[in-house]
Amino acid sequence: MNEVPLTLAISRYDHVEDLTAGRIVPEGIRLTCLSLPIEEIFFRFLKYREWDVSEISFAKYASLISQGDRSLTAIPVFPSRIFRHSSIYVRRDGPVRTPQDLAGKRIGLPEWAQTAAVYSRGLLAHQYGIDLAGIAWIQAGVNEPGRAEKVALDLPPGVRLTPAPTKSLNRMLVEGEVDAILSAHAPDCFEDGHPNIARLFEDYMTVEAEYYRATGIFPIMHVIALKRAAVEAHPWIAMNLFKAFEEAKQRSVARALEVTAPRFPIPWCFEHTRQAQQLFGRDHWPYGVDANRTTLEAFLQYAHEQGVCHRRLAPEDLFPEQVLSRVRV
C-alpha cells in the first residue's frame, strides 16, 4: 500500500530480465515496466518525459547535465556497453583502408551527440592522431531521412558539421557521397550484404581487446536515468533500484556460466563468459562509479572536447550522492 509507483522503460536484456519480469522486487517500489525499441525509448523520454525511470543515451544525459538541466539524475547502471571500432563502415572501393585514411575525408553520422560516435571520434583522435576539425562531418538518419540532434551542441572551433535532412547515411555511403559512416545502428546496405560496404576494422574483436588492454576503456553506451523530482521526494529509491539492477545482472551472469545445461543458444557461451572475465575481471560488466572510473573519465573528456558536453564534468556530477558509495561490512 505504501510502495512508490514507478514506471521504467528499458530494452530487453537478459541482465535486467529478472527485474522487469518481477522476479526481483526493489524494496519499497511498485515497478511497472515497458519494453520498447531503444530509439523509441530515447525519443519519447527525452522529448516528453513519459515515464519515471528510463534507459537513456549516456551522451545525451551527460550533455543535459553539462548544460544545467536538472530535470534528470541517474544511477550508475549501464545496461548497454559495446566497443565502437566495429561501428565504422566504409566502401571497399573507397579511399579508406586504415584509420589514418579517415583524416580529411567526408564522414557521416546519425547525430553528433550519439554516444557511439563520441567514442568513435575519441579513439580516432586519441589512438590514431586524427584532427577532427579536418573532417567534413555530415549528419543524417542512418536509413531514413529526417533525423535531427536531440540536444544542443557547443562545437569546438573549426569543426564542420552539416545536416543533410533529406538524405540517409545508407544511401550516401552506397553512392559515394561520404567515405565512411560512424553509426551504432548498422546501415541497411551492410545488413543486406552489399558487396561494396564493409567495416573498417574487419577483425574488430582482436582490435577492441587490444584497445581495452591498452586503455582500460570498456565503452558505456546507456545509463538509467530518473526524474530528479522522484529522487528528491524519495531519496532511497536510487540505491534500492541500483541494488535490484545489480542482483538481476548477477543472476544473468550465473546463467551464462551454467555448464550442465546452457541457458543461451550460443555455443560455448559459458567459455566465452569465462574468457570475458579473464580480460575484464570477475565482474566483467561492472556497475557503480569506482569500477568504471577510467571509462567514465575518458568519455567525459571526449564529450567535452567534441562539444557534446558544454563543460568538463566529473563522474560524480552525473549521479546522486547516495549511489556514489556502498555499505561495507
# chains A, B, ... in the order shown; residues from 1 in each chain; ligands from 1
$ residues_around --residues "segment 99-116 of chain A" --least-positions-apart "2" --cutoff "7 Å" --atoms "only C-alpha atoms" --output "PyMOL selection string"
chain A and resi 57-60+84+96-97+118-120+128+130-131+134-142+148-149+169+178-184+221+308
$ write_last_selection --atoms "C-alpha atoms" --output "compact mmCIF listing (two decimals), in the first residue's frame"
# COMPACT_ATOMS: atom_id res chain seq x y z
CA SER A 57 21.77 7.65 -24.18
CA PHE A 58 24.80 8.28 -21.98
CA ALA A 59 25.98 11.14 -24.21
CA LYS A 60 22.65 12.92 -24.23
CA ARG A 84 32.80 1.00 -31.28
CA VAL A 96 39.78 4.47 -46.63
CA ARG A 97 41.83 1.38 -45.81
CA VAL A 118 31.60 10.19 -29.22
CA TYR A 119 33.64 7.05 -28.52
CA SER A 120 34.48 6.53 -32.21
CA TYR A 128 45.18 7.46 -34.23
CA ILE A 130 43.32 12.35 -36.42
CA ASP A 131 42.33 16.02 -36.36
CA GLY A 134 39.94 18.39 -40.67
CA ILE A 135 36.97 16.15 -41.45
CA ALA A 136 33.78 17.19 -43.23
CA TRP A 137 31.07 15.77 -40.93
CA ILE A 138 27.59 15.06 -42.33
CA GLN A 139 24.63 14.45 -40.02
CA ALA A 140 21.64 12.42 -41.28
CA GLY A 141 19.42 9.49 -40.39
CA VAL A 142 21.01 6.08 -40.83
CA ALA A 148 17.97 15.57 -36.04
CA GLU A 149 20.10 16.29 -32.98
CA LEU A 169 23.68 7.79 -44.47
CA VAL A 178 30.56 10.04 -47.90
CA ASP A 179 33.72 8.00 -47.43
CA ALA A 180 32.66 6.43 -44.13
CA ILE A 181 29.92 6.48 -41.55
CA LEU A 182 30.02 6.12 -37.77
CA SER A 183 26.81 4.50 -36.58
CA ALA A 184 25.68 2.32 -33.68
CA MET A 221 26.51 3.37 -24.16
CA VAL A 308 28.68 17.38 -26.67
$ closest_atom_pairs --of "segment 25-53 of chain A" --to "segment 222-243 of chain A" --cutoff "12 Å" --atoms "only C-alpha atoms" --output "CSV"
residue,atom,partner,partner_atom,distance
A:Val25,CA,A:Leu241,CA,9.0
A:Pro26,CA,A:Asn240,CA,5.7
A:Glu27,CA,A:Asn240,CA,6.2
A:Gly28,CA,A:Ile237,CA,7.8
A:Ile29,CA,A:Ile237,CA,7.4
A:Arg30,CA,A:Ile237,CA,10.8
A:Leu31,CA,A:Leu241,CA,9.9
A:Ile38,CA,A:His222,CA,10.0
A:Glu39,CA,A:His222,CA,11.7
A:Ile41,CA,A:His222,CA,11.5
A:Phe42,CA,A:His222,CA,10.1
A:Phe45,CA,A:Ala225,CA,9.7
A:Leu46,CA,A:Ala225,CA,10.5
A:Tyr48,CA,A:Lys227,CA,11.8
A:Arg49,CA,A:Lys227,CA,8.1
A:Glu50,CA,A:Lys227,CA,10.2
A:Trp51,CA,A:Lys227,CA,8.4
A:Asp52,CA,A:Lys227,CA,5.6
A:Val53,CA,A:Leu226,CA,4.4
$ write_last_selection --atoms "N, CA, C and O atoms" --output "PDB file, in the first residue's frame"
ATOM      1  N   VAL A  25      12.157  -7.699  -6.802  1.00  0.00           N
ATOM      2  CA  VAL A  25      11.307  -6.557  -6.475  1.00  0.00           C
ATOM      3  C   VAL A  25      12.127  -5.559  -5.668  1.00  0.00           C
ATOM      4  O   VAL A  25      12.552  -5.868  -4.553  1.00  0.00           O
ATOM      5  N   PRO A  26      12.403  -4.370  -6.219  1.00  0.00           N
ATOM      6  CA  PRO A  26      13.149  -3.367  -5.443  1.00  0.00           C
ATOM      7  C   PRO A  26      12.337  -2.939  -4.233  1.00  0.00           C
ATOM      8  O   PRO A  26      11.142  -2.625  -4.346  1.00  0.00           O
ATOM      9  N   GLU A  27      12.970  -2.945  -3.084  1.00  0.00           N
ATOM     10  CA  GLU A  27      12.254  -2.695  -1.837  1.00  0.00           C
ATOM     11  C   GLU A  27      11.595  -1.324  -1.845  1.00  0.00           C
ATOM     12  O   GLU A  27      12.207  -0.314  -2.193  1.00  0.00           O
ATOM     13  N   GLY A  28      10.312  -1.307  -1.486  1.00  0.00           N
ATOM     14  CA  GLY A  28       9.564  -0.066  -1.359  1.00  0.00           C
ATOM     15  C   GLY A  28       9.064   0.522  -2.657  1.00  0.00           C
ATOM     16  O   GLY A  28       8.529   1.632  -2.676  1.00  0.00           O
ATOM     17  N   ILE A  29       9.229  -0.226  -3.780  1.00  0.00           N
ATOM     18  CA  ILE A  29       8.878   0.315  -5.096  1.00  0.00           C
ATOM     19  C   ILE A  29       7.904  -0.637  -5.796  1.00  0.00           C
ATOM     20  O   ILE A  29       8.098  -1.851  -5.803  1.00  0.00           O
ATOM     21  N   ARG A  30       6.864  -0.082  -6.367  1.00  0.00           N
ATOM     22  CA  ARG A  30       5.964  -0.844  -7.228  1.00  0.00           C
ATOM     23  C   ARG A  30       6.293  -0.467  -8.669  1.00  0.00           C
ATOM     24  O   ARG A  30       5.989   0.627  -9.118  1.00  0.00           O
ATOM     25  N   LEU A  31       6.940  -1.387  -9.387  1.00  0.00           N
ATOM     26  CA  LEU A  31       7.535  -1.079 -10.686  1.00  0.00           C
ATOM     27  C   LEU A  31       6.666  -1.585 -11.829  1.00  0.00           C
ATOM     28  O   LEU A  31       6.316  -2.762 -11.885  1.00  0.00           O
ATOM     29  N   ILE A  38      14.801   0.709 -28.587  1.00  0.00           N
ATOM     30  CA  ILE A  38      15.641   1.672 -27.893  1.00  0.00           C
ATOM     31  C   ILE A  38      15.507   3.080 -28.464  1.00  0.00           C
ATOM     32  O   ILE A  38      15.459   4.064 -27.728  1.00  0.00           O
ATOM     33  N   GLU A  39      15.418   3.211 -29.801  1.00  0.00           N
ATOM     34  CA  GLU A  39      15.271   4.546 -30.382  1.00  0.00           C
ATOM     35  C   GLU A  39      13.979   5.212 -29.920  1.00  0.00           C
ATOM     36  O   GLU A  39      13.949   6.424 -29.695  1.00  0.00           O
ATOM     37  N   ILE A  41      12.405   4.580 -27.032  1.00  0.00           N
ATOM     38  CA  ILE A  41      12.582   4.947 -25.621  1.00  0.00           C
ATOM     39  C   ILE A  41      13.291   6.283 -25.504  1.00  0.00           C
ATOM     40  O   ILE A  41      12.847   7.193 -24.783  1.00  0.00           O
ATOM     41  N   PHE A  42      14.397   6.429 -26.227  1.00  0.00           N
ATOM     42  CA  PHE A  42      15.159   7.681 -26.144  1.00  0.00           C
ATOM     43  C   PHE A  42      14.313   8.865 -26.591  1.00  0.00           C
ATOM     44  O   PHE A  42      14.273   9.899 -25.927  1.00  0.00           O
ATOM     45  N   PHE A  45      11.315   9.641 -24.099  1.00  0.00           N
ATOM     46  CA  PHE A  45      11.707  10.129 -22.773  1.00  0.00           C
ATOM     47  C   PHE A  45      12.404  11.485 -22.866  1.00  0.00           C
ATOM     48  O   PHE A  45      12.132  12.386 -22.068  1.00  0.00           O
ATOM     49  N   LEU A  46      13.291  11.639 -23.838  1.00  0.00           N
ATOM     50  CA  LEU A  46      13.985  12.919 -23.961  1.00  0.00           C
ATOM     51  C   LEU A  46      13.029  14.046 -24.343  1.00  0.00           C
ATOM     52  O   LEU A  46      13.157  15.171 -23.869  1.00  0.00           O
ATOM     53  N   TYR A  48       9.440  13.969 -24.163  1.00  0.00           N
ATOM     54  CA  TYR A  48       8.193  14.125 -23.420  1.00  0.00           C
ATOM     55  C   TYR A  48       8.259  13.677 -21.957  1.00  0.00           C
ATOM     56  O   TYR A  48       7.295  13.894 -21.221  1.00  0.00           O
ATOM     57  N   ARG A  49       9.359  12.999 -21.532  1.00  0.00           N
ATOM     58  CA  ARG A  49       9.480  12.504 -20.161  1.00  0.00           C
ATOM     59  C   ARG A  49       8.249  11.680 -19.772  1.00  0.00           C
ATOM     60  O   ARG A  49       7.627  11.887 -18.727  1.00  0.00           O
ATOM     61  N   GLU A  50       7.914  10.708 -20.597  1.00  0.00           N
ATOM     62  CA  GLU A  50       6.643   9.993 -20.437  1.00  0.00           C
ATOM     63  C   GLU A  50       6.612   9.034 -19.252  1.00  0.00           C
ATOM     64  O   GLU A  50       5.535   8.577 -18.869  1.00  0.00           O
ATOM     65  N   TRP A  51       7.776   8.660 -18.695  1.00  0.00           N
ATOM     66  CA  TRP A  51       7.794   7.720 -17.580  1.00  0.00           C
ATOM     67  C   TRP A  51       8.812   8.204 -16.549  1.00  0.00           C
ATOM     68  O   TRP A  51       9.463   9.221 -16.747  1.00  0.00           O
ATOM     69  N   ASP A  52       8.936   7.469 -15.463  1.00  0.00           N
ATOM     70  CA  ASP A  52       9.730   7.939 -14.328  1.00  0.00           C
ATOM     71  C   ASP A  52      11.205   7.555 -14.422  1.00  0.00           C
ATOM     72  O   ASP A  52      12.078   8.307 -13.990  1.00  0.00           O
ATOM     73  N   VAL A  53      11.466   6.362 -14.937  1.00  0.00           N
ATOM     74  CA  VAL A  53      12.816   5.808 -14.987  1.00  0.00           C
ATOM     75  C   VAL A  53      13.043   5.298 -16.404  1.00  0.00           C
ATOM     76  O   VAL A  53      12.159   4.642 -16.974  1.00  0.00           O
TER      77      VAL A  53
END
$ residues_around --residues "Arg282 of chain A" --least-positions-apart "4" --cutoff "12 Å" --atoms "only C-alpha atoms" --output "PyMOL selection string"
chain A and resi 250+253-254+257+273-278+286+291
$ write_last_selection --atoms "C-alpha atoms" --output "mmCIF file, in the first residue's frame"
data_model
loop_
_atom_site.group_PDB
_atom_site.id
_atom_site.type_symbol
_atom_site.label_atom_id
_atom_site.label_comp_id
_atom_site.auth_asym_id
_atom_site.auth_seq_id
_atom_site.Cartn_x
_atom_site.Cartn_y
_atom_site.Cartn_z
ATOM 1 C CA GLN A 250 24.460 -11.253 -11.152
ATOM 2 C CA VAL A 253 25.962 -13.911 -15.317
ATOM 3 C CA ALA A 254 25.298 -17.064 -13.297
ATOM 4 C CA LEU A 257 28.263 -19.568 -16.720
ATOM 5 C CA THR A 273 31.873 -15.686 -20.388
ATOM 6 C CA ARG A 274 34.936 -17.088 -18.621
ATOM 7 C CA GLN A 275 37.193 -15.584 -21.283
ATOM 8 C CA ALA A 276 35.492 -12.215 -20.782
ATOM 9 C CA GLN A 277 36.187 -12.477 -17.060
ATOM 10 C CA GLN A 278 39.844 -13.207 -17.775
ATOM 11 C CA PRO A 286 30.511 -3.643 -13.653
ATOM 12 C CA ALA A 291 34.680 0.301 -11.012
#
$ closest_residue --among "A:Cys189, A:Glu202, A:Asp14, A:Arg171" --to "Arg263 of chain A" --atoms "only C-alpha atoms"
A:Asp14
$ select_by_dssp --residues "segment 20-197 of chain A" --states "helix (DSSP H, G or I)" --output "PyMOL selection string"
chain A and resi 20+38-48+58-66+85-87+99-102+115-128+132-134+169-175+188-191
$ residues_around --residues "Asp69 of chain A" --least-positions-apart "3" --cutoff "12 Å" --atoms "only C-alpha atoms" --output "ChimeraX atom specification"
/A:46,60-66,72-73,151-152,227-228,309-310,318
$ atom_distance --atom1 "atom CA of Val4 of chain A" --atom2 "atom CA of Arg44 of chain A"
22.5 Å
$ atom_distance --atom1 "atom CA of Asn196 of chain A" --atom2 "atom CA of Asn143 of chain A"
16.9 Å
$ atom_distance --atom1 "atom CA of Glu247 of chain A" --atom2 "atom CA of Ile10 of chain A"
16.6 Å
